[in-house]
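Have a look at entry04.cif; it's mmCIF, C-alpha atoms:
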data_run
#
loop_
_atom_site.label_atom_id
_atom_site.label_comp_id
_atom_site.auth_asym_id
_atom_site.auth_seq_id
_atom_site.Cartn_x
_atom_site.Cartn_y
_atom_site.Cartn_z
CA MET A 1301 47.63 27.90 136.88
CA LYS A 1302 47.90 27.02 140.56
CA LEU A 1303 44.89 25.06 141.85
CA GLU A 1304 44.32 25.60 145.53
CA LYS A 1305 43.31 22.46 147.41
CA ASN A 1306 44.67 23.16 150.88
CA LEU A 1307 41.73 25.20 152.17
CA LYS A 1308 42.15 25.15 155.93
CA HIS A 1309 42.66 28.89 156.11
CA TYR A 1310 39.56 29.45 153.94
CA ALA A 1311 37.19 27.25 155.94
CA ALA A 1312 35.84 30.09 158.07
CA ILE A 1313 35.33 32.33 155.05
CA LEU A 1314 33.47 29.63 153.16
CA SER A 1315 31.20 29.10 156.18
CA MET A 1316 30.44 32.83 156.27
CA PHE A 1317 29.70 32.78 152.55
CA ILE A 1318 27.26 29.88 152.77
CA ALA A 1319 25.56 31.28 155.89
CA ALA A 1320 25.20 34.88 154.73
CA SER A 1321 24.08 35.47 151.15
CA SER A 1322 24.75 39.20 151.45
CA TYR A 1323 28.44 38.67 152.23
CA SER A 1324 30.71 40.74 149.97
CA ILE A 1325 34.42 41.48 149.85
CA PHE A 1326 33.99 44.64 147.79
CA THR A 1327 34.88 47.13 150.52
CA GLU A 1328 37.08 50.20 150.41
CA ASN A 1329 40.13 48.39 151.76
CA THR A 1330 39.52 44.91 150.31
CA LYS A 1331 39.17 44.81 146.55
CA VAL A 1332 39.26 42.04 144.00
CA TYR A 1333 40.82 43.09 140.70
CA ALA A 1334 39.77 41.43 137.47
CA GLU A 1335 43.10 41.96 135.72
CA VAL A 1336 46.20 44.12 135.67
CA THR A 1337 44.58 47.23 134.28
CA ALA A 1338 47.12 49.83 133.24
CA ASN A 1339 47.41 52.78 135.65
CA PRO A 1340 49.52 55.11 133.49
CA VAL A 1341 51.05 58.42 134.50
CA ILE A 1342 48.89 61.29 133.23
CA SER A 1343 50.87 64.18 134.73
CA ARG A 1344 54.12 63.80 132.80
CA ASN A 1345 55.26 67.33 131.87
CA CYS A 1346 51.78 68.78 132.38
CA PRO A 1347 51.58 72.47 133.35
CA ALA A 1348 52.87 72.77 136.93
CA TYR A 1349 52.53 75.79 139.20
CA SER A 1350 54.05 76.73 142.54
CA ASN A 1351 54.44 79.73 144.80
CA SER A 1352 58.12 78.84 145.23
CA GLY A 1353 60.91 76.99 143.50
CA ASN A 1354 61.53 75.74 139.98
CA THR A 1355 58.85 73.25 138.92
CA GLN A 1356 60.79 71.87 135.95
CA GLY A 1357 61.99 68.69 137.71
CA VAL A 1358 58.79 67.79 139.54
CA ASN A 1359 57.01 65.75 136.87
CA ASP A 1360 59.47 64.90 134.12
CA GLU A 1361 60.72 61.40 133.28
CA HIS A 1362 63.95 61.85 135.26
CA TYR A 1363 63.48 60.65 138.84
CA PHE A 1364 66.80 62.15 139.93
CA SER A 1365 65.46 65.70 139.46
CA PHE A 1366 63.33 67.32 142.16
CA TRP A 1367 61.17 70.30 142.99
CA ASN A 1368 62.88 72.15 145.85
CA ALA A 1369 61.05 74.72 147.96
CA PRO A 1370 60.49 75.81 151.58
CA ALA A 1371 57.66 74.41 153.70
CA GLY A 1372 54.56 76.51 153.17
CA SER A 1373 54.75 75.96 149.41
CA TYR A 1374 52.40 74.15 147.06
CA ILE A 1375 52.82 72.27 143.79
CA ALA A 1376 49.76 72.28 141.52
CA TYR A 1377 49.03 70.47 138.24
CA ASP A 1378 46.66 71.59 135.50
CA LEU A 1379 45.17 68.36 134.11
CA SER A 1380 42.46 70.03 132.04
CA ASP A 1381 44.01 68.80 128.77
CA THR A 1382 43.80 65.19 129.95
CA PRO A 1383 40.52 63.55 128.80
CA GLU A 1384 38.01 63.49 131.65
CA GLU A 1385 37.56 59.72 131.47
CA GLN A 1386 41.29 59.33 132.22
CA ARG A 1387 41.17 61.34 135.45
CA LYS A 1388 37.91 60.44 137.17
CA GLU A 1389 39.90 58.50 139.77
CA VAL A 1390 43.59 59.05 140.27
CA ILE A 1391 46.47 58.11 142.53
CA VAL A 1392 48.68 60.95 143.70
CA VAL A 1393 52.14 59.62 144.51
CA TRP A 1394 55.09 61.68 145.68
CA TYR A 1395 58.71 60.66 146.14
CA ASN A 1396 61.52 62.04 148.28
CA ALA A 1397 65.17 60.87 148.25
CA THR A 1398 65.47 60.05 151.98
CA GLY A 1399 67.27 56.70 152.23
CA ALA A 1400 64.90 54.96 154.65
CA TYR A 1401 61.25 54.45 153.76
CA ASP A 1402 60.25 55.12 157.38
CA TYR A 1403 63.04 57.03 159.11
CA THR A 1404 61.62 56.52 162.63
CA ILE A 1405 61.85 52.72 162.73
CA LEU A 1406 65.47 52.80 163.97
CA GLU A 1407 67.16 55.29 166.26
CA ASN A 1408 69.45 58.03 164.97
CA GLN A 1409 67.88 58.19 161.52
CA SER A 1410 66.55 61.35 159.89
CA SER A 1411 64.70 62.51 156.82
CA MET A 1412 66.01 64.75 154.09
CA ASN A 1413 63.60 67.53 153.10
CA CYS A 1414 60.63 65.16 153.35
CA PRO A 1415 57.02 66.47 153.50
CA SER A 1416 55.60 65.66 156.94
CA GLY A 1417 52.40 67.74 157.00
CA TYR A 1418 50.36 68.40 153.88
CA THR A 1419 46.98 68.38 152.16
CA ILE A 1420 45.89 67.17 148.73
CA GLU A 1421 43.39 69.54 147.15
CA VAL A 1422 41.31 69.69 143.94
CA ASN A 1423 39.78 72.55 141.98
CA SER A 1424 37.12 72.67 139.26
CA ALA A 1425 38.39 75.92 137.68
CA SER A 1426 39.09 75.97 133.96
CA GLY A 1427 42.60 75.20 132.85
CA GLY A 1428 45.21 77.63 131.60
CA GLU A 1429 45.49 80.00 134.55
CA TYR A 1430 46.28 79.03 138.14
CA PRO A 1431 43.18 79.52 140.35
CA GLU A 1432 43.83 81.34 143.62
CA THR A 1433 40.48 80.30 145.11
CA GLY A 1434 38.11 77.34 144.96
CA TRP A 1435 40.43 74.66 146.34
CA GLU A 1436 38.80 71.75 148.16
CA THR A 1437 40.78 69.55 150.54
CA VAL A 1438 40.38 65.80 149.93
CA VAL A 1439 43.34 64.39 151.90
CA THR A 1440 45.01 65.64 155.09
CA VAL A 1441 48.27 64.14 156.39
CA LYS A 1442 49.99 65.01 159.66
CA GLU A 1443 53.24 63.74 161.18
CA ASN A 1444 54.23 61.72 158.13
CA THR A 1445 57.51 59.82 158.56
CA CYS A 1446 57.73 58.04 155.19
CA HIS A 1447 59.74 59.14 152.17
CA SER A 1448 56.90 58.44 149.72
CA ARG A 1449 53.13 58.15 149.92
CA GLN A 1450 50.26 57.55 147.54
CA HIS A 1451 46.67 58.71 147.85
CA ALA A 1452 43.57 57.67 145.90
CA VAL A 1453 41.54 60.74 144.92
CA ASN A 1454 38.20 61.18 143.14
CA MET A 1455 38.79 63.92 140.54
CA GLU A 1456 35.53 63.67 138.65
CA GLY A 1457 34.43 67.22 137.81
CA TYR A 1458 37.84 68.71 138.70
CA ASN A 1459 40.65 69.97 136.46
CA TRP A 1460 43.34 70.81 139.00
CA ILE A 1461 45.12 68.97 141.79
CA ARG A 1462 47.74 70.25 144.18
CA MET A 1463 49.81 69.23 147.17
CA ASN A 1464 50.05 71.95 149.80
CA ILE A 1465 52.93 71.32 152.23
CA SER A 1466 52.84 72.92 155.67
CA GLU A 1467 55.75 71.05 157.27
CA SER A 1468 58.91 69.28 156.18
CA ASP A 1469 60.98 66.97 158.41
CA GLY A 1470 58.50 67.86 161.17
CA LYS A 1471 59.28 71.58 160.94
CA ALA A 1472 57.28 74.53 159.67
CA ASP A 1473 60.50 76.15 158.46
CA GLY A 1474 61.95 73.05 156.79
CA GLN A 1475 62.80 72.53 153.14
CA ILE A 1476 61.02 70.32 150.60
CA SER A 1477 62.55 68.11 147.90
CA MET A 1478 60.19 65.86 145.98
CA GLN A 1479 58.62 64.63 142.77
CA MET A 1480 54.93 64.02 142.20
CA ASP A 1481 53.10 61.83 139.68
CA ILE A 1482 49.39 61.45 138.99
CA HIS A 1483 48.24 58.02 137.73
CA ASN A 1484 44.92 57.21 136.11
CA VAL A 1485 43.08 54.56 138.16
CA SER A 1486 39.58 55.21 136.79
CA ASP A 1487 39.24 51.51 135.90
CA GLY A 1488 40.56 50.33 139.26
CA ILE A 1489 43.79 50.42 141.25
CA SER A 1490 45.59 47.48 139.75
CA ASP A 1491 49.14 48.38 138.72
CA SER A 1492 50.53 49.67 142.01
CA TRP A 1493 53.47 48.13 143.89
CA ILE A 1494 55.47 48.56 147.08
CA PHE A 1495 58.67 46.73 148.02
CA TYR A 1496 59.32 46.34 151.79
CA GLY A 1497 62.69 45.11 152.97
CA ASP A 1498 66.12 45.93 154.38
CA SER A 1499 69.05 47.90 152.94
CA ILE A 1500 69.27 45.70 149.82
CA THR A 1501 65.73 46.78 148.96
CA ALA A 1502 66.32 50.37 150.10
CA CYS A 1503 69.32 50.75 147.79
CA GLY A 1504 68.08 48.51 145.00
CA MET A 1505 64.46 49.51 144.43
CA ASN A 1506 64.93 53.27 144.20
CA ASN A 1507 63.40 55.00 141.23
CA CYS A 1508 65.59 58.05 141.89
CA TYR A 1509 69.01 56.70 140.96
CA GLY A 1510 69.41 54.49 137.92
CA THR A 1511 66.56 52.97 135.94
CA GLY A 1512 63.65 52.04 138.19
CA PHE A 1513 61.30 49.03 138.21
CA ALA A 1514 58.45 51.07 136.69
CA THR A 1515 60.61 52.29 133.82
CA TYR A 1516 61.85 48.79 133.07
CA VAL A 1517 58.28 47.47 132.99
CA ASN A 1518 57.37 50.31 130.63
CA ARG A 1519 60.27 49.41 128.33
CA ILE A 1520 58.93 45.86 128.11
CA ASP A 1521 55.34 46.97 127.46
CA GLU A 1522 54.59 50.65 126.92
CA ARG A 1523 50.99 50.22 128.07
CA TYR A 1524 52.19 50.02 131.67
CA PHE A 1525 53.97 52.44 133.98
CA PRO A 1526 53.38 51.12 137.51
CA VAL A 1527 52.98 53.16 140.64
CA GLN A 1528 56.04 52.02 142.58
CA GLU A 1529 57.23 52.79 146.10
CA ASN A 1530 60.45 51.63 147.71
CA GLY A 1531 59.67 50.44 151.26
CA GLY A 1532 63.23 49.50 152.20
CA VAL A 1533 64.95 50.53 155.46
CA GLY A 1534 68.61 49.73 156.05
CA GLY A 1535 69.49 47.60 159.07
CA ILE A 1536 66.07 46.17 159.85
CA THR A 1537 64.86 42.59 160.23
CA SER A 1538 61.55 40.82 159.78
CA THR A 1539 60.80 41.61 163.44
CA HIS A 1540 60.77 45.33 162.61
CA GLY A 1541 58.50 44.57 159.66
CA VAL A 1542 55.98 42.83 161.93
CA LYS A 1543 55.86 45.88 164.20
CA LYS A 1544 55.18 48.23 161.30
CA ILE A 1545 53.27 46.23 158.69
CA ASP A 1546 49.76 47.30 159.79
CA GLU A 1547 50.70 50.97 159.74
CA TRP A 1548 52.53 50.71 156.44
CA LEU A 1549 49.71 48.86 154.71
CA SER A 1550 47.25 51.52 155.88
CA TYR A 1551 49.23 54.00 153.76
CA PHE A 1552 49.28 51.84 150.63
CA SER A 1553 46.44 52.13 148.12
CA GLY A 1554 47.79 49.57 145.67
CA LYS A 1555 47.75 45.85 145.04
CA TYR A 1556 51.19 44.20 145.02
CA VAL A 1557 53.30 44.02 148.20
CA SER A 1558 56.79 42.52 148.26
CA ILE A 1559 58.29 41.30 151.55
CA ALA A 1560 62.09 41.00 151.22
CA PHE A 1561 63.61 40.67 154.68
CA GLY A 1562 66.10 38.02 155.72
CA THR A 1563 69.69 39.12 155.18
CA ASN A 1564 69.94 40.81 158.57
CA ASP A 1565 67.82 38.07 160.15
CA SER A 1566 70.23 35.36 158.97
CA TRP A 1567 73.43 37.36 159.58
CA GLY A 1568 74.76 35.61 162.66
CA ASN A 1569 71.35 33.92 162.96
CA GLN A 1570 70.19 36.86 165.04
CA THR A 1571 66.48 36.18 164.45
CA GLY A 1572 66.36 32.41 164.05
CA ALA A 1573 64.87 30.69 161.01
CA GLU A 1574 61.66 29.68 162.80
CA LYS A 1575 61.06 33.20 164.11
CA TYR A 1576 61.80 34.61 160.65
CA TYR A 1577 59.18 32.19 159.28
CA GLU A 1578 56.61 33.30 161.87
CA ASN A 1579 57.33 36.98 161.18
CA THR A 1580 57.08 36.61 157.41
CA LYS A 1581 53.95 34.49 157.71
CA TYR A 1582 52.36 37.19 159.87
CA MET A 1583 53.13 39.88 157.28
CA ILE A 1584 51.85 37.74 154.40
CA GLU A 1585 48.58 37.09 156.22
CA LYS A 1586 48.17 40.82 156.90
CA ILE A 1587 48.67 41.55 153.20
CA ILE A 1588 46.08 38.95 152.24
CA GLU A 1589 43.63 40.27 154.85
CA CYS A 1590 43.86 43.68 153.17
CA GLY A 1591 42.90 42.17 149.81
CA LYS A 1592 46.38 42.69 148.40
CA THR A 1593 48.78 40.26 146.76
CA PRO A 1594 51.96 39.22 148.61
CA ILE A 1595 55.23 38.70 146.75
CA LEU A 1596 58.17 36.89 148.34
CA PRO A 1597 61.66 36.63 146.81
CA THR A 1598 64.39 34.40 148.19
CA ILE A 1599 67.04 35.89 150.48
CA PRO A 1600 70.11 36.85 148.41
CA TYR A 1601 73.30 34.81 148.40
CA SER A 1602 76.21 36.58 150.08
CA LEU A 1603 79.98 36.22 150.22
CA GLU A 1604 79.74 36.99 153.94
CA GLU A 1605 80.04 33.72 155.89
CA GLY A 1606 77.94 35.12 158.72
CA VAL A 1607 74.98 35.21 156.31
CA ASN A 1608 75.61 32.10 154.24
CA LYS A 1609 76.16 29.83 157.25
CA TYR A 1610 72.42 30.05 157.94
CA LEU A 1611 71.04 30.97 154.52
CA ASP A 1612 69.78 27.49 153.64
CA GLN A 1613 67.72 27.39 156.84
CA TYR A 1614 66.10 30.74 156.11
CA ASN A 1615 65.37 30.13 152.45
CA ALA A 1616 63.85 26.79 153.42
CA MET A 1617 61.31 28.90 155.32
CA VAL A 1618 60.67 30.96 152.18
CA ARG A 1619 59.94 27.80 150.21
CA LYS A 1620 57.75 26.50 153.03
CA LEU A 1621 55.66 29.65 152.77
CA TYR A 1622 55.36 29.17 149.00
CA GLU A 1623 53.79 25.79 149.68
CA GLU A 1624 51.49 26.98 152.45
CA TYR A 1625 50.19 30.15 150.76
CA PRO A 1626 49.35 29.75 147.07
CA GLU A 1627 48.37 33.43 147.07
CA ILE A 1628 52.07 34.30 147.20
CA ILE A 1629 53.68 35.34 143.93
CA LYS A 1630 57.21 33.97 143.86
CA GLY A 1631 59.64 36.85 143.55
CA PRO A 1632 63.10 36.62 142.00
CA ASP A 1633 65.41 33.87 143.22
CA PHE A 1634 68.14 36.19 144.44
CA GLU A 1635 69.95 33.34 146.15
CA GLU A 1636 70.56 31.72 142.78
CA LEU A 1637 71.21 35.02 140.96
CA PHE A 1638 74.05 36.15 143.23
CA ARG A 1639 75.43 32.66 143.81
CA LYS A 1640 75.91 32.29 140.06
CA ASN A 1641 77.05 35.89 139.60
CA PRO A 1642 79.10 36.92 142.68
CA GLU A 1643 80.72 39.68 140.61
CA LEU A 1644 77.43 41.56 141.07
CA LEU A 1645 78.19 41.97 144.79
CA SER A 1646 80.07 44.94 146.24
CA HIS A 1647 83.27 44.85 148.27
CA ASP A 1648 81.41 43.93 151.48
CA GLY A 1649 80.10 40.76 149.86
CA VAL A 1650 76.56 41.43 151.08
CA HIS A 1651 75.19 44.38 149.16
CA PRO A 1652 75.07 44.38 145.36
CA ASN A 1653 77.22 46.86 143.46
CA ASP A 1654 75.66 49.35 141.04
CA THR A 1655 75.46 46.75 138.28
CA GLY A 1656 74.03 44.25 140.74
CA TYR A 1657 71.29 46.63 141.86
CA ASP A 1658 70.41 47.42 138.26
CA THR A 1659 70.27 43.70 137.53
CA MET A 1660 67.91 43.28 140.49
CA ARG A 1661 65.51 45.87 139.11
CA GLN A 1662 65.61 44.35 135.65
CA THR A 1663 65.05 40.89 137.11
CA TRP A 1664 62.06 42.14 139.09
CA ALA A 1665 60.55 43.78 135.99
CA ASN A 1666 61.15 40.81 133.67
CA LEU A 1667 59.81 38.23 136.14
CA MET A 1668 56.77 40.23 137.19
CA TYR A 1669 55.91 40.96 133.57
CA GLU A 1670 55.97 37.25 132.76
CA THR A 1671 54.26 36.18 136.00
CA VAL A 1672 51.73 38.96 136.54
CA TYR A 1673 51.18 41.12 133.47
CA LYS A 1674 51.25 38.46 130.74
CA SER A 1675 49.34 35.95 132.87
CA ALA A 1676 46.58 38.43 133.56
CA SER A 1677 46.38 39.44 129.91
CA SER A 1678 46.11 35.90 128.56
CA VAL A 1679 42.88 34.83 126.86
CA PRO A 1680 41.06 31.91 128.54
CA GLU A 1681 40.48 28.72 126.58
CA THR A 1682 36.72 29.25 126.52
CA GLY A 1683 34.88 32.52 126.43
CA LEU A 1684 32.30 32.41 129.21
CA LYS A 1685 33.85 33.38 132.53
CA GLY A 1686 32.00 31.73 135.40
CA ASP A 1687 30.81 28.73 133.39
CA VAL A 1688 32.33 26.19 135.80
CA ASN A 1689 30.70 23.09 134.32
CA SER A 1690 31.17 24.28 130.71
CA ASP A 1691 27.52 23.88 129.74
CA GLY A 1692 27.36 27.26 128.00
CA SER A 1693 25.53 29.17 130.75
CA ILE A 1694 26.10 30.51 134.26
CA THR A 1695 23.70 29.10 136.84
CA VAL A 1696 23.59 27.99 140.48
CA LYS A 1697 24.97 24.65 139.25
CA ASP A 1698 28.26 26.39 138.55
CA MET A 1699 28.41 27.71 142.10
CA VAL A 1700 27.70 24.24 143.50
CA GLU A 1701 30.49 22.75 141.38
CA LEU A 1702 32.98 25.41 142.51
CA ILE A 1703 32.10 24.93 146.20
CA LYS A 1704 32.59 21.19 145.77
CA TYR A 1705 35.97 21.75 144.19
CA LEU A 1706 37.13 24.22 146.86
CA THR A 1707 36.08 21.89 149.65
CA GLY A 1708 38.18 19.08 148.22
CA GLN A 1709 35.47 16.99 146.58
CA ASN A 1710 36.23 15.12 143.40
CA CYS A 1711 35.16 17.26 140.49
CA GLU A 1712 36.80 18.99 137.54
CA VAL A 1713 36.75 22.68 136.67
CA ARG A 1714 37.99 24.61 133.66
CA ASP A 1715 40.70 26.92 134.97
CA GLY A 1716 40.22 29.76 132.48
CA ASN A 1717 36.49 29.94 133.10
CA VAL A 1718 36.71 29.83 136.90
CA ASP A 1719 39.66 32.10 137.67
CA LEU A 1720 37.40 35.14 137.67
CA ASN A 1721 39.94 37.62 139.05
CA ASN A 1722 42.78 36.29 136.85
CA ASP A 1723 45.24 35.90 139.72
CA GLY A 1724 46.25 32.35 138.79
CA ILE A 1725 44.59 30.85 141.89
CA LEU A 1726 41.22 29.20 142.38
CA ASN A 1727 39.91 30.21 145.80
CA VAL A 1728 37.04 31.81 147.70
CA ALA A 1729 37.56 35.15 145.92
CA ASP A 1730 36.45 33.52 142.65
CA LEU A 1731 33.44 32.00 144.44
CA ILE A 1732 32.35 35.43 145.66
CA LEU A 1733 32.79 36.96 142.21
CA LEU A 1734 30.67 34.12 140.78
CA LYS A 1735 27.97 34.89 143.36
CA ASN A 1736 27.96 38.52 142.23
CA ILE A 1737 27.59 37.48 138.58
CA LEU A 1738 24.52 35.43 139.49
CA ILE A 1739 23.06 38.31 141.52
CA GLN A 1740 23.51 40.69 138.59
CA GLN A 1741 21.90 38.20 136.19
CA ASN A 1742 18.87 37.87 138.47
CA ASN A 1743 18.67 41.59 139.27
CA PRO A 1744 19.83 43.42 136.14
CA ALA A 1745 18.39 46.71 137.34
CA ASP A 1746 20.87 46.68 140.24
CA SER A 1747 23.93 46.14 138.08
#

Render the structure in this file as structure tokens.
Amino acid sequence: MKLEKNLKHYAAILSMFIAASSYSIFTENTKVYAEVTANPVISRNCPAYSNSGNTQGVNDEHYFSFWNAPAGSYIAYDLSDTPEEQRKEVIVVWYNATGAYDYTILENQSSMNCPSGYTIEVNSASGGEYPETGWETVVTVKENTCHSRQHAVNMEGYNWIRMNISESDGKADGQISMQMDIHNVSDGISDSWIFYGDSITACGMNNCYGTGFATYVNRIDERYFPVQENGGVGGITSTHGVKKIDEWLSYFSGKYVSIAFGTNDSWGNQTGAEKYYENTKYMIEKIIECGKTPILPTIPYSLEEGVNKYLDQYNAMVRKLYEEYPEIIKGPDFEELFRKNPELLSHDGVHPNDTGYDTMRQTWANLMYETVYKSASSVPETGLKGDVNSDGSITVKDMVELIKYLTGQNCEVRDGNVDLNNDGILNVADLILLKNILIQQNNPADS
């Protein structure tokens, strides 16, 4: 349990809370999640229909197989056999094998059969036979430049969902190559991840080639199969990330966001450690502003002297950010991993080899399971969440005690009772959740 006592960056929020009793952070783009609720795939090998191409590879467990078709085609899933309570709210996520997450961030890059214009549509027709009519558009995307996207969709009352692609690679006569999963998020979008970074992320966090992060998590605990996007782009630095982070986050419906830049920044010290710190800090604050959870691994050790000459300076900035932002989940220590195991690096001494990349994915899954999944699933020492002063009830006294604690006054709190969103941090989010508990107790008809 990390107890947050450095509250300078929460002072303004606390003032707003005290001044405005109606203040709430439960908005569409800023959500507090009570725990890591499983968001399993519900479309695996369900009946799939298309007006073109073989649908066999679109929704199986093998992420190296794809549905291939010309632009102007659709892929539709019949989810009528899935219990209605498991598909009231879903995430539609599609994947394409283009190497760069956003192929426009650097010059002279291109996509590879990537949907660029499409709609997501639902249909209430009975299952068993593809409906030609009755489709309702719920999402419209134009000029997409990313190799994967996810969309939250309300499917209550609907049995069918389809993706209708009008353009690929920016062309009406292009080709499509993709996979598509549907995840159940009826109890909240909790188990959804994206990994932003440079070429080490782009090559290492694929779910297309080798065993992916989501599959490794599922092997540890079969209750979970995360939504997982690879946000890596080869050749970029933290400065590119700053330019794109607002746009990228606007595409991401999920909760956990990894920022893994630094190798190119430190290579020849082209960014400067202080500028790298400022860039990464900016991205972390943007993630927090969106109500999402930032994750920050260390910059990997390298056999390339141009990287390692400055690596200590840059990773010192990573550790500085750990201290300044307790919201950050510490990602894998890739500096230590590759320093101790240089045989996991490829011939260039910078990028991991195939075994190294697979080790990275396993390390991510093992660490996040221990840090995030098991932590969120643990049972608190006492049973009444929100009972700050442990007197057996939840009253305004508990709110007063929590405010005193958060503002640095000398008082004690019981961690398990007060960490209302189970994120391992005591902060203003728990205070707001406590306020909502009190409101619901006083106005049960509104709950």

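Shortest atom-to-atom contact with Gln1386 in chain A among A:Tyr1458, A:Phe1366, A:Trp1435, A:Tyr1509: A:Tyr1458, counting all atoms listed in the file.
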
- Task: Would you kindly translate the PyMOL selection byres ((chain A and resi 1473) around 7) into the concrete residues it picks from this file, as a PyMOL selection string?
- Result: chain A and resi 1370-1371+1471-1472+1474-1475

Now that the selection is made, can you save its residues with C-alpha atoms as a compact mmCIF listing (two decimals), in the coordinates of the input?
# COMPACT_ATOMS: atom_id res chain seq x y z
CA PRO A 1370 60.49 75.81 151.58
CA ALA A 1371 57.66 74.41 153.70
CA LYS A 1471 59.28 71.58 160.94
CA ALA A 1472 57.28 74.53 159.67
CA GLY A 1474 61.95 73.05 156.79
CA GLN A 1475 62.80 72.53 153.14

- Message: What's the separation between CA of Asn1641 in chain A and CA of Asn1666 in chain A, in Å to one decimal place?
- Response: 17.7 Å

- Item | Atomic distance CA of Trp1567 in chain A - CA of Asp1498 in chain A, expressed in Å with one decimal | 12.4 Å

- If the PyMOL selection byres ((chain A and resi 1465) around 12) is run on the structure shown, which residues does it catch, given as a ChimeraX atom specification? /A:1350-1352,1368-1376,1394,1413-1421,1439-1444,1462-1464,1466-1478

- Query: Between A:Gly1656, A:Pro1626, A:Gly1427, A:Gly1631, which has the minimum distance to Phe1495 in chain A (counting all atoms listed in the file)?
  - Reply: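 Looking at the shortest contact to Phe1495 in chain A, the residue is A:Gly1631.
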
- Message: To test your reading of the syntax: which residues would the PyMOL selection byres ((chain A and resi 1569) around 12) return for the file shown? Reply as a list in words.
- Response: Thr1537, Gly1562, Thr1563, Asn1564, Asp1565, Ser1566, Trp1567, Gly1568, Gln1570, Thr1571, Gly1572, Ala1573, Glu1574, Lys1575, Tyr1576, Glu1605, Gly1606, Val1607, Asn1608, Lys1609, Tyr1610, Leu1611, Asp1612, Gln1613 and Tyr1614 of chain A

- Item | Neighbour list for Ser1448 in chain A as a list in words, cut-off 8 Å, all atoms listed in the file, skip fewer than 4 positions in-chain |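 Here the answer would be Val1393, Trp1394, Tyr1395, Asn1396, Tyr1401, Glu1529 and Asn1530 of chain A.
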
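Between CA of Leu1726 in chain A and CA of Thr1671 in chain A lies a distance of 16.1 Å.
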
- Surrounding residues of range 1578-1582 of chain A excluding itself and chain neighbours under 4 positions, 7 Å, all atoms listed in the file, as a list in words: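 Using all atoms listed in the file, the neighbours found are Ser1538, Thr1539, Val1542, Glu1574 and Lys1586 of chain A.
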
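Within 12 Å of Trp1548 in chain A, once all atoms listed in the file are used and residues closer than 5 positions along the same chain are dropped, the contacting residues are Tyr1401, Asp1402, Ile1405, Asn1444, Thr1445, Cys1446, His1447, Ser1448, Arg1449, Gln1450, Ile1494, Phe1495, Tyr1496, Glu1529, Asn1530, Gly1531, Gly1532, His1540, Gly1541, Val1542, Lys1543, Ser1553, Gly1554, Val1557, Met1583, Lys1586, Ile1587 and Cys1590 of chain A.
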
- Of the candidates A:Asn1454, A:Ser1492, A:Ser1410, A:Ser1646, which shows the shortest atom-to-atom distance to Val1336 in chain A, using all atoms listed in the file?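 Closest to Val1336 in chain A, using all atoms listed in the file: A:Ser1492.
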
- Message: So that I can see what lies close to range 1632-1636 of chain A, please list as a PyMOL selection string the residues with an atom at most 9 Å from it, counting all atoms listed in the file and leaving out residues fewer than 3 positions away in the same chain.
- Response: chain A and resi 1596-1602+1611+1615+1639-1641+1660+1663-1664+1667-1668
